[in-house]
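Shown next: entry36.cif, given as mmCIF, C-alpha atoms and all ligand atoms.
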```cif
data_start
#
loop_
_atom_site.label_atom_id
_atom_site.label_comp_id
_atom_site.auth_asym_id
_atom_site.auth_seq_id
_atom_site.Cartn_x
_atom_site.Cartn_y
_atom_site.Cartn_z
CA MET R 1 16.65 7.18 45.03
CA GLU R 2 16.91 5.70 41.53
CA PRO R 3 19.58 7.73 39.66
CA ARG R 4 18.21 6.80 36.23
CA ILE R 5 15.01 8.79 36.87
CA SER R 6 16.88 12.09 36.71
CA ILE R 7 18.61 10.93 33.51
CA ILE R 8 15.22 10.07 31.97
CA ASN R 9 13.98 13.60 32.56
CA LYS R 10 17.09 14.91 30.85
CA ARG R 11 16.71 12.50 27.92
CA LEU R 12 13.13 13.65 27.37
CA GLN R 13 13.65 17.36 27.94
CA ASN R 14 13.63 18.13 24.21
CA VAL R 15 10.63 15.91 23.49
CA LYS R 16 7.62 18.19 23.29
CA ARG R 17 4.84 15.62 23.68
CA VAL R 18 4.70 12.00 24.81
CA VAL R 19 1.65 10.13 23.53
CA VAL R 20 1.03 6.80 25.25
CA VAL R 21 -1.18 4.47 23.19
CA ALA R 22 -2.85 2.16 25.69
CA SER R 23 -5.83 -0.05 26.32
CA GLY R 24 -7.18 -2.21 29.11
CA LYS R 25 -7.64 -4.89 26.46
CA GLY R 26 -5.31 -6.80 24.15
CA GLY R 27 -5.55 -7.10 20.39
CA VAL R 28 -7.56 -3.91 19.87
CA GLY R 29 -5.06 -2.25 17.51
CA LYS R 30 -2.71 -0.30 19.79
CA SER R 31 0.37 -1.24 17.78
CA LEU R 32 -1.20 -0.53 14.38
CA LEU R 33 -2.47 2.81 15.66
CA SER R 34 0.91 3.70 17.22
CA SER R 35 2.81 3.02 14.00
CA GLY R 36 0.10 4.63 11.87
CA LEU R 37 0.05 7.74 14.03
CA ALA R 38 3.86 7.98 13.98
CA LEU R 39 3.92 7.66 10.17
CA HIS R 40 1.19 10.25 9.77
CA LEU R 41 2.82 12.80 12.08
CA GLU R 42 6.14 12.32 10.27
CA LYS R 43 4.42 12.93 6.91
CA LYS R 44 3.00 16.15 8.35
CA GLY R 45 6.56 17.33 8.97
CA CYS R 46 6.84 16.53 12.69
CA ARG R 47 9.92 14.99 14.30
CA VAL R 48 8.65 11.68 15.64
CA GLY R 49 9.92 8.85 17.83
CA LEU R 50 8.26 5.50 18.41
CA LEU R 51 9.04 3.37 21.46
CA ASP R 52 7.69 -0.19 21.65
CA LEU R 53 7.19 -0.99 25.33
CA ASP R 54 5.44 -4.31 24.74
CA PHE R 55 8.16 -6.73 25.83
CA TYR R 56 6.11 -9.96 25.55
CA GLY R 57 4.54 -9.26 22.20
CA PRO R 58 6.56 -6.51 20.50
CA SER R 59 5.10 -5.85 17.08
CA SER R 60 5.94 -2.31 15.96
CA HIS R 61 9.06 -3.60 14.16
CA ILE R 62 6.90 -6.06 12.21
CA ILE R 63 4.37 -3.37 11.28
CA LEU R 64 7.08 -0.93 10.12
CA GLY R 65 9.13 -3.66 8.43
CA VAL R 66 12.29 -2.98 10.45
CA HIS R 67 15.27 -4.94 9.09
CA ASP R 68 19.05 -4.74 9.41
CA VAL R 69 19.20 -1.60 11.55
CA PHE R 70 20.54 -1.17 15.08
CA PRO R 71 20.83 1.73 17.54
CA GLN R 72 24.09 3.62 17.24
CA GLU R 73 26.20 4.12 20.34
CA ASP R 74 27.11 7.70 21.21
CA LYS R 75 26.85 8.62 24.91
CA GLY R 76 23.78 6.41 25.00
CA LEU R 77 21.94 4.80 22.10
CA ILE R 78 20.66 6.75 19.12
CA PRO R 79 17.54 5.04 17.72
CA PRO R 80 17.72 4.08 14.04
CA ARG R 81 15.44 5.95 11.64
CA VAL R 82 12.74 3.85 10.04
CA SER R 83 10.65 5.63 7.39
CA GLY R 84 11.70 8.91 9.01
CA ILE R 85 10.74 7.77 12.53
CA SER R 86 13.27 7.32 15.34
CA PHE R 87 12.46 3.80 16.47
CA MET R 88 13.40 1.98 19.67
CA SER R 89 12.39 -1.48 20.80
CA LEU R 90 13.75 -4.23 23.01
CA VAL R 91 13.86 -6.49 19.94
CA PHE R 92 17.13 -4.81 18.95
CA PHE R 93 18.67 -6.51 21.98
CA THR R 94 16.63 -9.73 22.25
CA HIS R 95 16.85 -10.45 18.51
CA ASP R 96 13.15 -11.31 18.49
CA LYS R 97 13.63 -14.11 21.07
CA PRO R 98 11.00 -14.30 23.86
CA ALA R 99 11.77 -11.92 26.73
CA PRO R 100 9.85 -13.09 29.82
CA PHE R 101 10.25 -10.70 32.74
CA ARG R 102 8.96 -10.52 36.30
CA GLY R 103 7.59 -7.22 37.66
CA GLY R 104 10.87 -5.81 39.04
CA ASP R 105 12.73 -6.75 35.89
CA ILE R 106 10.16 -4.95 33.73
CA THR R 107 10.73 -1.75 35.69
CA ASN R 108 14.45 -2.22 35.34
CA VAL R 109 14.29 -2.68 31.56
CA ILE R 110 11.98 0.33 31.16
CA LEU R 111 14.29 2.49 33.26
CA GLU R 112 17.29 1.33 31.27
CA LEU R 113 15.65 1.89 27.86
CA LEU R 114 14.43 5.34 28.84
CA ALA R 115 17.75 6.29 30.40
CA ILE R 116 19.91 5.04 27.56
CA THR R 117 17.96 6.28 24.51
CA GLN R 118 19.05 9.57 22.97
CA TRP R 119 15.86 10.78 21.30
CA GLY R 120 17.23 14.24 20.64
CA SER R 121 14.63 16.88 19.74
CA LEU R 122 11.21 15.46 18.95
CA ASP R 123 7.77 16.94 18.48
CA PHE R 124 6.16 13.63 19.42
CA LEU R 125 7.28 10.44 21.14
CA ILE R 126 4.65 7.74 20.62
CA ILE R 127 4.72 4.80 23.04
CA ASP R 128 3.14 1.49 22.01
CA MET R 129 2.00 -0.14 25.25
CA PRO R 130 1.28 -3.77 26.10
CA PRO R 131 -2.34 -4.63 26.93
CA GLY R 132 -3.78 -4.10 30.39
CA ILE R 133 -2.89 -1.95 33.34
CA GLY R 134 0.28 -3.70 34.49
CA ASP R 135 3.78 -2.72 35.47
CA GLU R 136 4.53 -1.00 32.17
CA THR R 137 1.56 1.36 32.46
CA LEU R 138 2.28 2.12 36.11
CA ASP R 139 5.96 2.71 35.32
CA VAL R 140 5.20 5.05 32.43
CA LEU R 141 2.93 7.04 34.75
CA ARG R 142 5.75 7.12 37.32
CA PHE R 143 8.71 7.92 35.08
CA ILE R 144 7.30 10.08 32.26
CA LYS R 145 5.46 12.97 33.82
CA LYS R 146 4.47 14.57 30.52
CA SER R 147 2.58 11.47 29.28
CA GLU R 148 -0.71 12.03 27.51
CA PHE R 149 -2.81 8.90 27.02
CA LEU R 150 -4.61 7.85 23.90
CA VAL R 151 -6.91 4.95 24.66
CA VAL R 152 -7.99 2.30 22.16
CA THR R 153 -11.01 0.02 22.32
CA THR R 154 -13.05 -2.02 19.88
CA SER R 155 -16.83 -1.84 19.62
CA SER R 156 -17.18 -4.89 21.84
CA LYS R 157 -18.76 -4.48 25.27
CA VAL R 158 -16.20 -7.01 26.47
CA ALA R 159 -13.28 -4.87 25.28
CA TYR R 160 -14.83 -1.66 26.57
CA GLY R 161 -15.43 -3.29 29.98
CA ALA R 162 -11.67 -3.62 30.41
CA VAL R 163 -10.91 -0.26 28.81
CA GLU R 164 -13.28 1.51 31.19
CA LYS R 165 -11.09 0.46 34.13
CA LEU R 166 -8.11 2.17 32.54
CA LEU R 167 -10.20 5.30 31.98
CA VAL R 168 -11.16 5.31 35.67
CA ILE R 169 -7.51 5.00 36.76
CA LEU R 170 -6.38 7.78 34.43
CA LYS R 171 -9.10 10.06 35.75
CA GLU R 172 -8.34 9.21 39.39
CA GLN R 173 -4.66 9.98 38.82
CA LYS R 174 -5.48 13.14 36.84
CA ILE R 175 -3.47 11.92 33.84
CA PRO R 176 -4.06 13.89 30.61
CA LEU R 177 -6.28 11.84 28.30
CA LEU R 178 -6.45 12.83 24.63
CA GLY R 179 -9.46 10.65 23.97
CA VAL R 180 -10.72 7.22 22.98
CA VAL R 181 -10.52 5.66 19.51
CA GLU R 182 -12.98 2.91 18.57
CA ASN R 183 -11.00 0.60 16.30
CA MET R 184 -12.24 -2.25 14.09
CA LYS R 185 -15.65 -0.68 14.38
CA GLN R 186 -18.44 -2.96 13.30
CA GLY R 187 -22.10 -2.23 12.85
CA SER R 188 -23.75 1.04 13.69
CA SER R 189 -23.87 0.69 17.47
CA SER R 190 -23.09 3.92 19.32
CA PHE R 191 -22.49 2.05 22.58
CA VAL R 192 -18.82 3.06 22.95
CA GLU R 193 -19.38 6.66 21.92
CA THR R 194 -22.25 7.06 24.38
CA GLU R 195 -20.23 5.54 27.23
CA VAL R 196 -17.14 7.64 26.50
CA VAL R 197 -19.01 10.92 26.10
CA GLY R 198 -21.01 10.06 29.24
CA ARG R 199 -17.69 10.04 31.12
CA ASP R 200 -16.84 13.49 29.79
CA ILE R 201 -14.06 12.03 27.68
CA ARG R 202 -13.37 12.93 24.07
CA TYR R 203 -14.56 10.29 21.56
CA LEU R 204 -12.12 10.60 18.67
CA GLY R 205 -14.08 8.51 16.21
CA GLY R 206 -14.33 5.05 14.79
CA ILE R 207 -12.01 3.19 12.41
CA LEU R 208 -13.68 0.42 10.45
CA PHE R 209 -12.28 -3.08 10.13
CA ASP R 210 -10.06 -2.92 7.04
CA PRO R 211 -9.83 -6.32 5.32
CA HIS R 212 -6.75 -5.21 3.34
CA LEU R 213 -4.72 -3.99 6.31
CA GLU R 214 -2.93 -7.31 6.84
CA ASP R 215 -1.45 -7.20 3.32
CA ALA R 216 0.14 -3.81 4.08
CA ILE R 217 1.89 -4.84 7.30
CA GLY R 218 5.66 -4.60 6.98
CA ASN R 219 5.56 -2.02 4.21
CA THR R 220 5.07 1.58 5.31
CA ASP R 221 4.27 2.83 1.78
CA SER R 222 1.44 0.31 1.44
CA LEU R 223 0.29 1.03 4.99
CA SER R 224 0.02 4.75 4.24
CA LYS R 225 -2.42 4.00 1.40
CA THR R 226 -4.87 1.86 3.40
CA THR R 227 -8.41 2.83 4.36
CA PHE R 228 -7.25 2.24 7.95
CA MET R 229 -4.76 5.12 7.61
CA LYS R 230 -7.29 7.43 5.97
CA GLU R 231 -9.69 6.94 8.87
CA LEU R 232 -6.89 7.20 11.44
CA VAL R 233 -5.93 10.60 10.02
CA VAL R 234 -9.49 11.87 10.50
CA CYS R 235 -9.51 10.75 14.16
CA PHE R 236 -6.09 12.17 15.03
CA ASP R 237 -6.04 15.41 13.07
CA ARG R 238 -8.88 16.48 15.38
CA ILE R 239 -6.50 16.54 18.31
CA PHE R 240 -3.06 17.21 16.84
CA PHE R 241 -3.68 19.80 14.09
N1 LIG V 301 -8.92 -1.37 11.74
C1 LIG V 301 -8.42 -2.61 11.55
N2 LIG V 301 -8.84 -3.37 10.50
C2 LIG V 301 -8.37 -4.61 10.31
N3 LIG V 301 -7.47 -5.21 11.10
C3 LIG V 301 -7.00 -4.52 12.15
C4 LIG V 301 -7.44 -3.18 12.44
N4 LIG V 301 -6.79 -2.75 13.54
C5 LIG V 301 -5.98 -3.74 13.91
N5 LIG V 301 -6.10 -4.81 13.10
C6 LIG V 301 -5.45 -6.12 13.22
O1 LIG V 301 -5.76 -6.65 14.50
C7 LIG V 301 -4.65 -7.33 15.05
C8 LIG V 301 -4.30 -6.72 16.39
O2 LIG V 301 -3.77 -5.42 16.16
P1 LIG V 301 -2.58 -4.88 17.06
O3 LIG V 301 -1.48 -5.88 17.13
O4 LIG V 301 -2.25 -3.51 16.60
O5 LIG V 301 -3.34 -4.83 18.46
P2 LIG V 301 -2.71 -4.54 19.90
O6 LIG V 301 -3.76 -3.88 20.68
O7 LIG V 301 -1.42 -3.85 19.75
O8 LIG V 301 -2.45 -6.02 20.42
P3 LIG V 301 -1.62 -6.41 21.74
O9 LIG V 301 -2.55 -6.15 22.89
O10 LIG V 301 -1.32 -7.88 21.56
O11 LIG V 301 -0.40 -5.55 21.78
C9 LIG V 301 -3.54 -7.25 14.03
O12 LIG V 301 -3.52 -8.42 13.27
C10 LIG V 301 -3.93 -6.05 13.18
O13 LIG V 301 -3.46 -6.16 11.87
MG MG V 302 0.50 -4.34 20.46
#
```
Same coordinates, now as structure tokens:
Amino acid sequence: MEPRISIINKRLQNVKRVVVVASGKGGVGKSLLSSGLALHLEKKGCRVGLLDLDFYGPSSHIILGVHDVFPQEDKGLIPPRVSGISFMSLVFFTHDKPAPFRGGDITNVILELLAITQWGSLDFLIIDMPPGIGDETLDVLRFIKKSEFLVVTTSSKVAYGAVEKLLVILKEQKIPLLGVVENMKQGSSSFVETEVVGRDIRYLGGILFDPHLEDAIGNTDSLSKTTFMKELVVCFDRIFF
């Protein structure tokens, strides 16, 4: 019996919803969507936390422009607030150095982060996942029973091919799935929408490739004004408000 599992349940007892942003494929926009969703929910008056669980390629701190803050110790670690969001990432401890882990170590770090973090009362905890269906995804399914998945793909058949496998696993395991977002949508193909709807899964909409998004990374005010954010709001307000 792993004692930290019971602590995790306690730590998350005042978190109403846990939204896991995942994809079978890398580079599809999970991190941008996680940060964007967290910022939007906070603007709507929700209490929001954001947890970056991508240990190899953490990027939420870059997107949010996190500088010179650190979790505060008080019977655990209280995440610093970044643009109103309670933010936790392994980069606070690795100082942005590479953090290569084997399978067992990943589980250990996830358990430790979840057991140590004092989120307090939240309406939403958003989790930015690494790509694929590896240890992190399996551990989240194991340790956070109230997880609801939000799956990201691009319009590419190659990306969707990998994403479809995640959709199958979620269905097999009866994990709540909020829907699929088609990010960096290009052209007018309805391939992804048709496939998703054909699986009886909610298609949340498409977000076009925004050529100005890169300039806004690291500045949450600029990010909030992008076309990317405007389209994101349309996709997510369908399910959250
Ligand atoms: N709608 C969009 N328009 C333009 N650029 C985008 C869009 N969505 C994401 N990007 C860009 O695509 C790149 C990948 O995005 P992001 O890092 O969020 O993907 P990811 O799925 O989290 O990647 P990883 O699998 O490595 O974690 C980033 O440079 C990001 O700025
Ligand atoms: Mg990412």
Show me as a VMD selection string the residues that reach within 12 Å of (23.5, 8.5, 20.7), counting all atoms listed in the file and using the file's own coordinates.
-> chain R and resid 11 70 to 80 86 115 to 120
Please report, as JSON lines, each residue of chain R lying at most 6 Å from ligand MG 302 (chain V), together with the nearest pair of atoms and the separation in Å rounded to one decimal; use only C-alpha atoms and all ligand atoms, and order rows by chain and ascending residue number.
```
{"residue": "R:Lys30", "atom": "CA", "partner": "V:MG302", "partner_atom": "MG", "distance": 5.2}
{"residue": "R:Ser31", "atom": "CA", "partner": "V:MG302", "partner_atom": "MG", "distance": 4.1}
{"residue": "R:Ser59", "atom": "CA", "partner": "V:MG302", "partner_atom": "MG", "distance": 5.9}
{"residue": "R:Pro130", "atom": "CA", "partner": "V:MG302", "partner_atom": "MG", "distance": 5.7}
```
Pick from R:Asn219, R:Gln13, R:Ser35, R:Ser89, whichever lies nearest to ligand LIG 301 (chain V) using all atoms listed in the file =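 When distances to ligand LIG 301 (chain V) are compared using all atoms listed in the file, the smallest one comes from R:Ser35.
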Mind checking which residues fall within 6 Å of stretch 227-238 of chain R, counting all atoms listed in the file, ignoring those fewer than 6 positions away in the same chain, and posting them as a PyMOL selection string?
-> chain R and resi 204-205+207+210
Nearest-residue call for R:Asp135, choices R:Met1, R:Cys46, R:Leu53, R:Leu170, using only C-alpha atoms =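 Among the listed residues, the smallest separation from R:Asp135 belongs to R:Leu53.
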Among R:Pro98, R:Gly104, R:Gly49, R:Pro211, R:Leu125 is approached most closely, using all atoms listed in the file, by R:Gly49
So how far away is atom O3 of ligand LIG 301 (chain V) from atom CA of R:Ile62, in Å?
->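 The value is 9.7 Å.
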Please, which residues have at least one atom within 8 Å of an atom of ligand LIG 301 (chain V), using only C-alpha atoms and all ligand atoms, listed as a short mmCIF file (atom, residue, chain, number, x, y, z; two decimals) with C-alpha atoms, in the coordinates of the input?
```
data_model
loop_
_atom_site.label_atom_id
_atom_site.label_comp_id
_atom_site.auth_asym_id
_atom_site.auth_seq_id
_atom_site.Cartn_x
_atom_site.Cartn_y
_atom_site.Cartn_z
CA ALA R 22 -2.85 2.16 25.69
CA SER R 23 -5.83 -0.05 26.32
CA LYS R 25 -7.64 -4.89 26.46
CA GLY R 26 -5.31 -6.80 24.15
CA GLY R 27 -5.55 -7.10 20.39
CA VAL R 28 -7.56 -3.91 19.87
CA GLY R 29 -5.06 -2.25 17.51
CA LYS R 30 -2.71 -0.30 19.79
CA SER R 31 0.37 -1.24 17.78
CA LEU R 32 -1.20 -0.53 14.38
CA LEU R 33 -2.47 2.81 15.66
CA SER R 34 0.91 3.70 17.22
CA ASP R 54 5.44 -4.31 24.74
CA GLY R 57 4.54 -9.26 22.20
CA PRO R 58 6.56 -6.51 20.50
CA SER R 59 5.10 -5.85 17.08
CA ASP R 128 3.14 1.49 22.01
CA MET R 129 2.00 -0.14 25.25
CA PRO R 130 1.28 -3.77 26.10
CA PRO R 131 -2.34 -4.63 26.93
CA GLY R 132 -3.78 -4.10 30.39
CA VAL R 152 -7.99 2.30 22.16
CA ASN R 183 -11.00 0.60 16.30
CA MET R 184 -12.24 -2.25 14.09
CA LYS R 185 -15.65 -0.68 14.38
CA ILE R 207 -12.01 3.19 12.41
CA LEU R 208 -13.68 0.42 10.45
CA PHE R 209 -12.28 -3.08 10.13
CA ASP R 210 -10.06 -2.92 7.04
CA PRO R 211 -9.83 -6.32 5.32
CA HIS R 212 -6.75 -5.21 3.34
CA LEU R 213 -4.72 -3.99 6.31
CA GLU R 214 -2.93 -7.31 6.84
CA ILE R 217 1.89 -4.84 7.30
CA PHE R 228 -7.25 2.24 7.95
#
```
